[in-house]
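Contents: one structure, followed by commentary.
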Amino acid sequence: MRIIGGKFKGRKFNPPADKWPTRPTTDFAREALFNILNNRFYWEDIRALDLFGGAGGHCFELISRGTTDVTYVEKYYPCVKFVQATIKEMGEEDKLKIIRGDVFRFLKSCDTPFDYIFADPPYQLPTLDLLPDLIFNQHLLSPEGIFVLEHGSQHTFQNHPYFSEERKYGNTIFSFFEQPEEHEK
């Protein structure tokens with residue numbers, strides 16, 4: 001895995017993930033996603049949330065691009081340990097809040113809105129379809145914020161009231177959701 005853009009562009013990190021229950025987003029798909037998002041955000045000005053953070057590729061990309069307030073949530077301890085070590089090695093510990101725990105429990109207890117939320121759950125997660133409603137019911141997305149849910153082709157969110165667009169990259173699908181003004185908290 002490598003960081004695609006920003007001050008750490010090109011930096012490689014190799015999680016010992018051969019037996020981890022994770023499926024990192026490919027560099028190709030992550031690069032395509034960030035190309036889209038670059039036109040929507042000033043990275044330095046946002047609060048970001050990385051759900052099912054895995055090996056940390058998404059949060060490292062955010063921090064590399066200048067985001068100074070990133071929250072990472074992951075329950076698998078080896079992933080958390082790897083992210084802690086990597087962010088320390090990068091010298092950016094002050095920019096990343098690491099939460100080891102269940103994503104659904106975290107979302108139900110969280111009361112702080114984020115400008116950008118990214119979720120990369122296991123594609124076969126039985127409760128994957130609940131994520132958009134949970135995020136919007138908890139008012140976790142700021143006005144003009146974007147929630148991106150990575151998933152496989154067995155799911156579709158095009159009929160969700162906050163769905164805005166879908167992008168496909170091989171087997172990876174990114175569904176984008178936005179907070180309409182009339183539903184602001």
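Starting from 1 in every chain, residues are counted up; chains themselves are A, B, ... following the order of the structure tokens, and ligands are numbered from 1 as listed.
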Task: Non-local contacts of range 159-172 of chain A (12 Å; only C-alpha atoms; under 5 positions in same chain excluded) as a PyMOL selection string - done: chain A and resi 23-33+36+120-123+129-133+135-137+141+144-154+177-183
Contact residues around range 59-74 of chain A with only C-alpha atoms at 6 Å, ignoring same-chain residues under 2 positions, as an mmCIF file with N, CA and C atoms, in the first residue's frame:
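Okay, this is what ended up in part.cif:
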```
data_model
loop_
_atom_site.group_PDB
_atom_site.id
_atom_site.type_symbol
_atom_site.label_atom_id
_atom_site.label_comp_id
_atom_site.auth_asym_id
_atom_site.auth_seq_id
_atom_site.Cartn_x
_atom_site.Cartn_y
_atom_site.Cartn_z
ATOM 1 N N ILE A 3 0.786 5.836 -0.066
ATOM 2 C CA ILE A 3 0.039 7.077 0.046
ATOM 3 C C ILE A 3 0.080 7.749 -1.325
ATOM 4 N N GLY A 6 -0.205 14.350 -1.299
ATOM 5 C CA GLY A 6 0.154 15.132 -0.128
ATOM 6 C C GLY A 6 1.614 15.015 0.250
ATOM 7 N N LYS A 7 1.913 15.440 1.472
ATOM 8 C CA LYS A 7 3.318 15.513 1.889
ATOM 9 C C LYS A 7 3.984 14.157 2.047
ATOM 10 N N PHE A 8 3.209 13.102 2.217
ATOM 11 C CA PHE A 8 3.776 11.752 2.312
ATOM 12 C C PHE A 8 3.573 10.957 1.017
ATOM 13 N N TRP A 43 -8.763 20.139 2.467
ATOM 14 C CA TRP A 43 -8.452 19.101 3.446
ATOM 15 C C TRP A 43 -8.083 19.663 4.811
ATOM 16 N N GLU A 44 -7.445 20.821 4.824
ATOM 17 C CA GLU A 44 -6.996 21.418 6.082
ATOM 18 C C GLU A 44 -8.166 21.865 6.955
ATOM 19 N N ARG A 47 -13.139 17.985 9.475
ATOM 20 C CA ARG A 47 -13.082 16.922 10.482
ATOM 21 C C ARG A 47 -13.483 15.650 9.742
ATOM 22 N N ALA A 48 -12.676 14.606 9.858
ATOM 23 C CA ALA A 48 -12.920 13.377 9.100
ATOM 24 C C ALA A 48 -13.069 12.180 10.033
ATOM 25 N N LEU A 49 -13.882 11.239 9.591
ATOM 26 C CA LEU A 49 -14.129 10.005 10.324
ATOM 27 C C LEU A 49 -13.900 8.829 9.385
ATOM 28 N N ASP A 50 -13.038 7.899 9.798
ATOM 29 C CA ASP A 50 -12.724 6.702 9.019
ATOM 30 C C ASP A 50 -13.251 5.491 9.788
ATOM 31 N N LEU A 51 -14.349 4.905 9.293
ATOM 32 C CA LEU A 51 -14.988 3.771 9.951
ATOM 33 C C LEU A 51 -14.541 2.458 9.330
ATOM 34 N N PHE A 52 -14.371 1.446 10.159
ATOM 35 C CA PHE A 52 -13.805 0.166 9.716
ATOM 36 C C PHE A 52 -12.445 0.472 9.092
ATOM 37 N N GLY A 53 -11.627 1.206 9.818
ATOM 38 C CA GLY A 53 -10.389 1.791 9.312
ATOM 39 C C GLY A 53 -9.312 0.823 8.864
ATOM 40 N N GLY A 56 -5.460 1.487 7.912
ATOM 41 C CA GLY A 56 -5.250 2.926 8.045
ATOM 42 C C GLY A 56 -4.965 3.689 6.779
ATOM 43 N N GLY A 57 -5.025 3.057 5.629
ATOM 44 C CA GLY A 57 -4.690 3.738 4.376
ATOM 45 C C GLY A 57 -5.475 5.010 4.149
ATOM 46 N N TYR A 76 -10.432 -4.493 15.311
ATOM 47 C CA TYR A 76 -9.430 -5.558 15.226
ATOM 48 C C TYR A 76 -8.093 -5.037 15.761
ATOM 49 N N LYS A 95 -2.734 14.375 15.044
ATOM 50 C CA LYS A 95 -3.787 14.579 14.046
ATOM 51 C C LYS A 95 -4.794 13.420 13.979
ATOM 52 N N LEU A 96 -4.479 12.323 14.666
ATOM 53 C CA LEU A 96 -5.298 11.115 14.555
ATOM 54 C C LEU A 96 -5.783 10.647 15.921
ATOM 55 N N LYS A 97 -7.091 10.562 16.062
ATOM 56 C CA LYS A 97 -7.698 9.990 17.259
ATOM 57 C C LYS A 97 -8.050 8.548 16.912
ATOM 58 N N ILE A 98 -7.471 7.606 17.635
ATOM 59 C CA ILE A 98 -7.673 6.182 17.363
ATOM 60 C C ILE A 98 -8.645 5.607 18.384
ATOM 61 N N ILE A 99 -9.706 4.989 17.880
ATOM 62 C CA ILE A 99 -10.696 4.357 18.734
ATOM 63 C C ILE A 99 -10.766 2.885 18.376
ATOM 64 N N ARG A 100 -10.420 2.052 19.360
ATOM 65 C CA ARG A 100 -10.552 0.605 19.163
ATOM 66 C C ARG A 100 -11.915 0.201 19.703
ATOM 67 N N GLY A 101 -12.795 -0.182 18.791
ATOM 68 C CA GLY A 101 -14.121 -0.575 19.224
ATOM 69 C C GLY A 101 -15.044 -0.860 18.062
#
```
- [ ] Using DSSP on the backbone, list every residue of chain A that comes out as alpha helix (DSSP H), and give them as a VMD selection string.
- [x] chain A and resid 27 to 37 57 to 64 77 to 90 103 to 109 131 to 137
Task: DSSP-assigned strand (DSSP E) members of range 67-102 of chain A, reported as a count of residues only - done: 11
TODO: Find the residue from A:Phe104, A:Lys9, A:Thr156, A:Phe114 that sits nearest to Asp45 in chain A; use only C-alpha atoms when measuring.
DONE: A:Phe114
Task: Atom pair CA of His155 in chain A / CA of Ile4 in chain A: separation (Å) - done: 27.4 Å
